[in-house]
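Colleague: Would you mind keeping the following structure in view while I ask a few things?
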Protein chains: 2
Amino acid sequence: MSDSDNVSGSAGADSNDVTVALVGGGTVGSQVARLLLESADDLAARVGRPLRLTGVAVRDTAKPRPGIPADLLTDDAAALAASGADVVVELIGGVSPADEYVRAAIAAGSSVVSANKALMAEQGGDLHEAAEEAGVDLFYEAAVAGAIPLLRPLGDSLAGDRISRVMGIVNGTTNYILTRMDEEGADYADVLADAQALGYAEADPTADVAGLDAAAKAAILASLAFHTRVTLDDVSCEGIENVTAADVAAARDMGFVIKLLAIADVTPDGAGVCVRVHPTMLPRTHPLAAVRGAFNAVFVEADAAGQVMFYGQGAGGEPTASAVLGDLVTAARHRVSGSLGAAASTYNDVAILPATQARTSYYVNFSVTDKPGVLAEIAQVFADNGVSISGVRQEGLTDQASLTIRTHEAVDEALRATVAAVGELDSVREVAGVMRVVGD
Amino acid sequence: MSDSDNVSGSAGADSNDVTVALVGGGTVGSQVARLLLESADDLAARVGRPLRLTGVAVRDTAKPRPGIPADLLTDDAAALAASGADVVVELIGGVSPADEYVRAAIAAGSSVVSANKALMAEQGGDLHEAAEEAGVDLFYEAAVAGAIPLLRPLGDSLAGDRISRVMGIVNGTTNYILTRMDEEGADYADVLADAQALGYAEADPTADVAGLDAAAKAAILASLAFHTRVTLDDVSCEGIENVTAADVAAARDMGFVIKLLAIADVTPDGAGVCVRVHPTMLPRTHPLAAVRGAFNAVFVEADAAGQVMFYGQGAGGEPTASAVLGDLVTAARHRVSGSLGAAASTYNDVAILPATQARTSYYVNFSVTDKPGVLAEIAQVFADNGVSISGVRQEGLTDQASLTIRTHEAVDEALRATVAAVGELDSVREVAGVMRVVGD
C-alpha cells in the first residue's frame with residue numbers, strides 16, 4: 001500500500017479503512033490533515049488499519065489549503081458531520097453550531113474528537129451521556145492545556161485514587177503577561193500592549209485576561225477530577241486586569257510569584273467542590289511557580305498519588321493538532337478492536353459550591369494611620385469574623401503606614417467580609433491590595 | 001449493597017463482581033488491599049460493578065496483615081495467579097518467578113497489572129505479545145516513576161505524534177543525593193551515608209547509585225516512546241558514584257545542575273535509538289532542573305506536541321499503590337465493557353544503537369602545564385577527531401592551569417576518543433572532569 005493511499009479520499013479507498021471526517025479546516029485542522037498525510041504509514045501501523053480522510057468542512061472551499069486535497073473540501077459541515085464516518089473531528093470551536101454537528105455525528109454512530117473547550121464546558125455532561133448511549137467515544141484532550149496529555153490521565157490513570165485538588169496554569173496569554181511583569185517589573189498595560197503586538201494576545205484580550213478561557217478549562221478539569229458535572233456557570237472568575245506592578249513586586253519581596261490559577265478542590269468535609277479562577281500568590285519553590293511564559297501546567301493533589309504535575313505547551317496549531325491526533329488514534333484503535341474508552345463518569349453527586357465557600361488564605365495590605373491602637377482595632381475585626389491572623393508586617397513610622405496581614409486559611413466569604421469591614425475603619429485609609437495564597 | 005460486600009471474599013460474592021487476585025502482600029500490596037477496601041463503593045461506581053478480592057498470595061500466611069482479611073491469604077502464589085480471576089495484580093517484583101505467574105495469569109485469561117520494572121524491562125515485548133494473543137490487558141504504570149501517569153500518555157495520548165527524545169529523572173535515591181550535594185555543597189559519601197540512615201537509600205545502594213534501576217525504567221520508556229523493543233541489555237549505564245562535590249560546584253558556577261538522567265533519543269537520521277543512563281549537566285532554567293529530592297519527572301520532546309513534562313512522586317507504597325489501582329480500574333472497566341486497552345505496539349523496526357553512537361556535548365576539564373602552545377596542541381586533537389569546540393575557559397596563570405573546554409554536539413565515541421587522546425599529551429597532567437550536557 002502506498003503512502004498516499006492511506007489518507008487519500010479517492011484512490012485506494014477500502015471499506016476496511018478507518019474513515020475520518022474533519023469539521024473545520026483552520027490552523028489546527030490543516031495541521032491535523034498534514035499530520036495524517038505525513039505520518040500515514042506510521043499511523044496505519046499504530047491503528048492497525050489505514051486512516052482515510054473522507055472530507056474537510058470549511059467555510060470557503062475556494063481558498064487554497066496547503067496539504068489538503070481540493071476534492072476533499074466541502075462547505076456542508078452538517079452533512080459531513082452526519083456522514084457516519086468512523087471518527088468525526090470537530091475543530092470549529094464555539095458552542096453553536098458545533099453542538100449540533102457533534103450531536104449529529106454521535107447520532108450517526110461516529111466517535112467524536114473535539115478541541116472545543118466552550119462546548120465541553122457548557123454541554124460536556126450531556127454529550128457524554130449521548131455518546132455513552134450511542135456506544136461511541138467522545139475525546140477532547142486538546143480542549144485543555146493543548147498538547148499536554150492530561151484529561152485521560154485524570155480520568156484513567158488516577159481513576160483509583162481520590163483527587164483532593166486540581167490547580168493549573170491553563171491560559172498562556174495571562175501567564176506570558178504575568179511572567180514578564182515578574183521578571184521585568186513591567187506594568188500590566190505595557191506588557192499587554194507588547195503581547196498584542198507580538199501576537200501572544202488578541203486585539204480584544206478580554207476572554208484571556210478576564211479569566212474566561214481559564215474558567216471554561218476549569219469546568220472541564222473539575223468535571224473529570226471529581227466525576228461530576230461542572231459547567232462554566234459554576235466557575236467564579238477573576239482576571240489579571242487589576243494586578244499591578246506593585247502587587248508583583250510585593251509578592252516577589254516575600255518569596256512569592258503571582259499566577260492566574262484555575263483551582264478546583266473538595267471542601268474539607270467532602271461535601272462540595274469549589275471551582276474558581278483568580279490571581280494567586282504561590283511560593284517560588286512550588287512546581288507551578290517555575291512555569292514561565294506561554295507554557296501551561298496542571299498540578300494535581302491526590303490522596304495516594306500525592307502531588308503530580310503535567311507540563312507543556314498550552315496552545316498553538318501543532319501542539320493542539322498533536323492532542324487531536326492522539327485522541328484520533330485512540331478512537332480509531334477502538335473502532336478496529338470494537339471496543340470503547342472508559343466513559344467519563346458523572347456518578348458523583350457532590351455539590352458544586354460557590355467560590356465564596358472556598359477555603360484559602362489571604363495577604364491583605366492596608367494603608368493606615370500610624371497611631372496607637374490601630375493594629376488592635378484591626379485585629380479585633382479579624383477576630384470578630386472568625387479569621388485567624390498568621391503574620392503581620394508594619395512599615396513606615398510617620399503618619400501613614402503600610403500594614404500587611406497574612407491570614408490562616410478561612411472561608412473566602414469570611415475573608416472578604418473581614419477586609420470590607422477593616423476598610424470601613426477610620427484609621428484605615430485604603431485597602432491597597434488583597435491576594436489569595438496557595439501552596440504555602 | 002454494603003461497603004464490605006464490595007471487596008469481601010466471602011459474604012456477598014456475586015458472579016457479576018470483577019474478581020481481583022493479588023500476588024504479593026508487601027508494602028504496596030497492603031496499600032492496594034487497603035484502598036480496595038476503603039474505596040469499595042467509589043470503585044464500584046467507577047468500574048460499573050463491585051471489585052471482589054479473591055485472594056492475596058504472601059510468603060508467610062501467619063504474619064498479620066492489617067487491612068487484609070485472614071481468610072484471603074494464601075501461600076500458593078502459582079495457584080492464585082492461575083485461578084482465572086478477572087484481573088491478576090503482580091506485586092512480588094524480580095524477574096523470576098514473577099514471569100511464570102504473569103504468564104500463567106495471561107494463559108488463564110486474566111488481565112494483568114504489574115509494578116515490576118525488572119520483569120517488564122527484560123520480557124516486556126514477549127509478555128505484550130502473549131497478552132495480545134490471549135485478548136487480555138497488560139498494564140504496568142507503577143513500574144516507572146511511581147504514581148506519575150506516564151506510560152499510558154506516552155503510548156496513547158502522544159500516539160499520533162513522533163517522539164524525538166525522552167529523558168527523565170526516574171530514580172529518587174540518586175536525585176535526593178544529587179539535590180543535597182547541589183544545595184549543601186556536600187560530598188557524595190556523606191550524603192549517601194545520611195540517605196541510608198534516613199531510609200532514602202538501601203544498605204546496599206548499588207542498584208540505585210550505579211544507575212541500574214534507572215536503566216530498567218529507561219528500557220521501558222524507550223520501548224513505549226519508540227514503539228520498539230528495548231531491553232535492559234540495550235541500555236548503557238553510568239552511575240553517580242564518581243560525581244564529586246567539585247563537579248557539582250563547577251556546574252553550579254556555570255549555571256548548571258547535575259542530574260542522573262535516563263535518556264532515549266532517535267539519531268538525527270532517524271536510523272536508530274540510543275538509550276543510556278548517566279550523570280548530565282542541565283541548565284538551571286530547564287524544567288527538569290527544578291525537580292528536587294526524591295521526586296521524579298519525565299520530559300518528552302515530540303515533533304508536534306513540543307515539550308511535555310510529567311512530574312510526581314516516584315516511589316513509596318501509597319503512590320505506587322495509586323498507580324496500580326489506576327491500572328486495575330482501567331482493566332476492570334474493560335472487563336465490564338468487554339473491551340481492551342490499545343496494545344503496546346512494537347511494530348517499529350528501528351535499530352537500537354549502542355550509547356557510543358548517542359549525540360551529546362561535553363564539558364571537559366583538564367589540568368595542564370601553562371606554557372605557550374598548550375591550547376593549540378589540545379585544540380588540534382579535538383579537530384583531528386572531528387569534535388568542534390564551542391568554548392574554552394582557562395584559569396591559573398602559574399605553572400599549573402585548569403582548562404575547561406565545552407564542545408558542540410558530537411557522537412559520544414568521538415568525544416571519548418578525543419578526551420583519551422588529550423589525556424596522553426605531555427602538557428596535560430590530568431583529565432579532571434568529563435560531563436555530558438543536555439538541554440542547553
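Chains: A, B, ... in order of the C-alpha cells. Residues: from 1 per chain. Ligands: from 1, in order shown.
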Starting from chain A, keep only residues with some atom at most 6 Å from an atom of chain B, counting only C-alpha atoms, and report them as a ChimeraX atom specification.
Modeller: /A:147,149,153,157-161,304-305,307-312,318-319,322,325-326,339
Colleague: Put those residues in a file: N, CA and C atoms, as a compact mmCIF listing (two decimals), in the first residue's frame.
Modeller:
# COMPACT_ATOMS: atom_id res chain seq x y z
N ALA A 147 -1.31 20.39 24.11
CA ALA A 147 -0.70 19.09 23.85
C ALA A 147 -0.43 18.29 25.11
N PRO A 149 -0.86 15.72 27.72
CA PRO A 149 -1.77 14.61 27.99
C PRO A 149 -2.21 14.69 29.44
N PRO A 153 -5.16 10.89 31.67
CA PRO A 153 -4.60 10.51 32.97
C PRO A 153 -5.54 10.82 34.13
N SER A 157 -5.75 7.07 34.66
CA SER A 157 -4.64 6.60 35.49
C SER A 157 -4.87 6.90 36.96
N LEU A 158 -5.52 8.03 37.25
CA LEU A 158 -5.79 8.35 38.65
C LEU A 158 -7.18 7.88 39.07
N ALA A 159 -7.76 6.99 38.25
CA ALA A 159 -9.14 6.57 38.47
C ALA A 159 -9.35 5.86 39.80
N GLY A 160 -8.29 5.23 40.31
CA GLY A 160 -8.45 4.50 41.57
C GLY A 160 -8.15 5.36 42.78
N ASP A 161 -7.74 6.57 42.55
CA ASP A 161 -7.31 7.45 43.64
C ASP A 161 -8.42 8.47 43.93
N ALA A 304 -3.55 9.18 47.45
CA ALA A 304 -2.48 8.19 47.41
C ALA A 304 -1.33 8.62 46.51
N ALA A 305 -1.64 9.17 45.37
CA ALA A 305 -0.57 9.53 44.42
C ALA A 305 0.26 10.70 44.90
N GLN A 307 1.49 14.46 45.00
CA GLN A 307 1.50 15.57 44.06
C GLN A 307 1.96 15.11 42.69
N VAL A 308 1.20 15.46 41.68
CA VAL A 308 1.52 15.10 40.30
C VAL A 308 1.37 16.37 39.46
N MET A 309 2.29 16.61 38.53
CA MET A 309 2.14 17.77 37.67
C MET A 309 2.34 17.40 36.21
N PHE A 310 1.53 18.02 35.35
CA PHE A 310 1.63 17.85 33.91
C PHE A 310 2.01 19.20 33.30
N TYR A 311 3.01 19.22 32.47
CA TYR A 311 3.57 20.47 31.96
C TYR A 311 3.74 20.41 30.45
N GLY A 312 3.49 21.50 29.76
CA GLY A 312 3.76 21.52 28.32
C GLY A 312 3.19 22.75 27.65
N GLU A 318 0.30 23.31 16.18
CA GLU A 318 0.93 21.99 16.21
C GLU A 318 0.65 21.23 17.50
N PRO A 319 0.88 21.85 18.68
CA PRO A 319 0.58 21.10 19.91
C PRO A 319 -0.89 20.67 19.97
N SER A 322 -1.42 17.79 17.75
CA SER A 322 -0.87 16.56 18.34
C SER A 322 -1.87 15.91 19.29
N LEU A 325 -4.69 14.41 17.31
CA LEU A 325 -4.28 13.18 16.65
C LEU A 325 -4.15 12.03 17.65
N GLY A 326 -3.69 12.33 18.86
CA GLY A 326 -3.62 11.29 19.90
C GLY A 326 -5.00 10.71 20.17
N SER A 339 -13.91 -1.88 20.55
CA SER A 339 -14.05 -1.55 21.97
C SER A 339 -14.30 -0.06 22.14
Colleague: If you count only C-alpha atoms, which residues fall within 9 Å of Thr244 (chain A), apart from same-chain ones fewer than 5 positions away, as an MDAnalysis selection string?
Modeller: chainID A and resid 181 186:188 249
Colleague: Which neighbours of region 354-371 of chain B fall inside 7 Å, counting only C-alpha atoms, when residues of the same chain fewer than 4 positions from it are skipped, and could you give them as a PyMOL selection string?
Modeller: chain B and resi 236+274-276+397-413+427-437
Colleague: Taking 2 positions as the minimum chain separation for residues in the same chain, which residues sit within 8 Å of region 205-217 of chain A when counting only C-alpha atoms? Answer as a list in words.
Modeller: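 Within the cut-off, the hits are Lys117, Ala118, Ala121, Ala143, Val144, Val170, Asn171, Thr173, Thr174, Ala201, Glu202, Ala203, Ala219, Ile220, Leu221, Thr231, Leu232, Val235, Ser236, Cys237, Glu238, Gly239, Ile240, Glu241, Leu260, Ala262, Arg276, Val277 and His278 of chain A.
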Colleague: Store the residues picked out above, limited to N, CA and C atoms, as a compact mmCIF listing (two decimals), in the first residue's frame.
Modeller:
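Ended up saving to selection.txt:
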# COMPACT_ATOMS: atom_id res chain seq x y z
N LYS A 117 -13.31 23.73 23.89
CA LYS A 117 -13.47 23.89 25.34
C LYS A 117 -14.80 24.53 25.70
N ALA A 118 -15.26 25.48 24.87
CA ALA A 118 -16.52 26.16 25.18
C ALA A 118 -17.67 25.16 25.19
N ALA A 121 -17.28 22.70 28.14
CA ALA A 121 -17.55 23.34 29.43
C ALA A 121 -19.04 23.57 29.62
N ALA A 143 -8.84 20.25 24.33
CA ALA A 143 -9.63 21.38 24.82
C ALA A 143 -8.98 22.05 26.03
N VAL A 144 -8.16 21.33 26.77
CA VAL A 144 -7.49 21.89 27.95
C VAL A 144 -6.00 21.68 27.84
N VAL A 170 -3.59 27.47 32.96
CA VAL A 170 -4.19 26.91 31.75
C VAL A 170 -4.44 27.96 30.68
N ASN A 171 -3.93 29.17 30.91
CA ASN A 171 -4.06 30.20 29.87
C ASN A 171 -2.68 30.80 29.59
N THR A 173 -1.69 33.22 27.52
CA THR A 173 -1.58 34.68 27.38
C THR A 173 -1.36 35.34 28.73
N THR A 174 -2.18 34.98 29.70
CA THR A 174 -2.03 35.61 31.02
C THR A 174 -0.73 35.18 31.69
N ALA A 201 -1.36 37.97 22.44
CA ALA A 201 -2.67 38.34 22.96
C ALA A 201 -3.53 38.85 21.82
N GLU A 202 -4.82 38.62 21.91
CA GLU A 202 -5.76 39.07 20.89
C GLU A 202 -5.94 40.59 20.96
N ALA A 203 -6.44 41.15 19.86
CA ALA A 203 -6.76 42.58 19.86
C ALA A 203 -7.78 42.87 20.96
N ALA A 219 -13.81 24.24 34.40
CA ALA A 219 -15.04 23.45 34.45
C ALA A 219 -14.78 22.02 33.95
N ILE A 220 -14.03 21.91 32.85
CA ILE A 220 -13.74 20.59 32.29
C ILE A 220 -12.86 19.78 33.24
N LEU A 221 -11.81 20.42 33.77
CA LEU A 221 -10.91 19.72 34.70
C LEU A 221 -11.66 19.25 35.94
N THR A 231 -20.24 23.14 35.07
CA THR A 231 -20.31 23.92 33.83
C THR A 231 -19.70 25.30 34.08
N LEU A 232 -19.52 26.04 33.00
CA LEU A 232 -18.89 27.36 33.08
C LEU A 232 -19.60 28.25 34.10
N VAL A 235 -18.34 28.36 37.70
CA VAL A 235 -16.98 28.79 37.98
C VAL A 235 -16.93 30.29 38.26
N SER A 236 -16.44 30.63 39.43
CA SER A 236 -16.24 32.04 39.76
C SER A 236 -14.94 32.50 39.14
N CYS A 237 -14.92 33.73 38.67
CA CYS A 237 -13.84 34.12 37.78
C CYS A 237 -13.36 35.54 38.03
N GLU A 238 -12.06 35.68 38.24
CA GLU A 238 -11.44 36.99 38.44
C GLU A 238 -10.19 37.01 37.58
N GLY A 239 -10.02 38.04 36.77
CA GLY A 239 -8.90 38.07 35.83
C GLY A 239 -7.68 38.78 36.39
N ILE A 240 -6.74 39.12 35.50
CA ILE A 240 -5.49 39.73 35.95
C ILE A 240 -5.45 41.23 35.67
N GLU A 241 -6.58 41.82 35.24
CA GLU A 241 -6.55 43.23 34.83
C GLU A 241 -6.13 44.16 35.96
N LEU A 260 -2.10 33.30 37.50
CA LEU A 260 -3.55 33.13 37.36
C LEU A 260 -3.83 31.63 37.41
N ALA A 262 -6.43 28.31 37.82
CA ALA A 262 -7.75 27.68 37.84
C ALA A 262 -7.68 26.63 38.95
N ARG A 276 -12.87 27.87 40.81
CA ARG A 276 -12.70 29.31 40.58
C ARG A 276 -11.39 29.59 39.87
N VAL A 277 -11.36 30.77 39.30
CA VAL A 277 -10.16 31.27 38.63
C VAL A 277 -9.84 32.62 39.23
N HIS A 278 -8.61 32.79 39.73
CA HIS A 278 -8.21 34.11 40.23
C HIS A 278 -6.69 34.21 40.33
Colleague: Write out as a PyMOL selection string the residues lying within 12 Å of Ile106 (chain A), counting only C-alpha atoms and excluding same-chain residues fewer than 3 positions away.
Modeller: chain A and resi 81-90+99-103+109-113+126-138
Colleague: Take the residues from that selection and put them in a file with C-alpha atoms, as a compact mmCIF listing (two decimals), in the first residue's frame.
Modeller:
# COMPACT_ATOMS: atom_id res chain seq x y z
CA ALA A 81 -20.72 15.59 10.46
CA ALA A 82 -23.69 13.31 9.88
CA SER A 83 -21.97 11.23 7.20
CA GLY A 84 -21.32 8.27 9.50
CA ALA A 85 -17.51 8.38 9.32
CA ASP A 86 -15.80 6.20 11.89
CA VAL A 87 -14.43 9.31 13.60
CA VAL A 88 -15.66 12.89 13.25
CA VAL A 89 -13.17 15.54 14.34
CA GLU A 90 -14.83 18.82 15.34
CA ASP A 99 -23.02 21.28 19.34
CA GLU A 100 -25.38 20.34 16.51
CA TYR A 101 -22.58 18.81 14.47
CA VAL A 102 -21.30 16.79 17.42
CA ARG A 103 -24.79 15.53 18.24
CA GLY A 109 -22.72 6.30 15.18
CA SER A 110 -19.45 8.18 14.78
CA SER A 111 -16.90 8.57 17.53
CA VAL A 112 -16.10 12.23 18.12
CA VAL A 113 -12.83 14.03 18.78
CA ASP A 126 -25.00 15.82 28.13
CA LEU A 127 -22.68 14.97 25.26
CA HIS A 128 -21.00 12.25 27.34
CA GLU A 129 -24.40 10.76 28.03
CA ALA A 130 -25.32 10.83 24.36
CA ALA A 131 -22.01 9.21 23.41
CA GLU A 132 -22.43 6.51 26.02
CA GLU A 133 -25.94 5.71 24.85
CA ALA A 134 -24.78 5.53 21.24
CA GLY A 135 -21.77 3.40 22.17
CA VAL A 136 -19.21 5.78 20.68
CA ASP A 137 -16.12 7.55 22.02
CA LEU A 138 -16.02 11.26 22.85
Colleague: Any idea what the distance is between CA of Gly24 (chain A) and CA of Ala197 (chain A)?
Modeller: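 Result for CA of Gly24 (chain A) versus CA of Ala197 (chain A): 27.0 Å, one decimal.
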Colleague: Using Å and a single decimal, report how far CA of Val438 (chain A) sits from CA of Ala379 (chain A).
Modeller: 22.5 Å
Colleague: Select from region 38-116 of chain A everything DSSP, run on the backbone, classes as alpha helix (DSSP H), then give the selection as JSON, numbers by chain.
Modeller: {"A": [38, 40, 41, 42, 43, 44, 45, 46, 47, 77, 78, 79, 80, 81, 98, 99, 100, 101, 102, 103, 104, 105, 106, 107]}
Colleague: Got a sec: who's within 7 Å of Leu261 (chain B), counting only C-alpha atoms, leaving out chain neighbours fewer than 4 positions off, as a list in words?
Modeller: Met167, Gly168, Ile169, Val277, His278, Pro279 and Thr280 of chain B
Colleague: Could you list, as a ChimeraX atom specification, every residue within 10 Å of Arg59 (chain A), counting only C-alpha atoms and ignoring same-chain residues fewer than 6 positions away?
Modeller: /A:24-26,73-77
Colleague: Write out as a ChimeraX atom specification all residues of region 208-375 of chain B that backbone DSSP assigns to strand (DSSP E).
Modeller: /B:236-237,256-266,272-283,295-302,306-313,351-353,359-369
Colleague: Tell me which of B:Ala225, B:Val374, B:Val392, B:Val28 sits closest to Val350 (chain B), counting only C-alpha atoms.
Modeller: B:Ala225
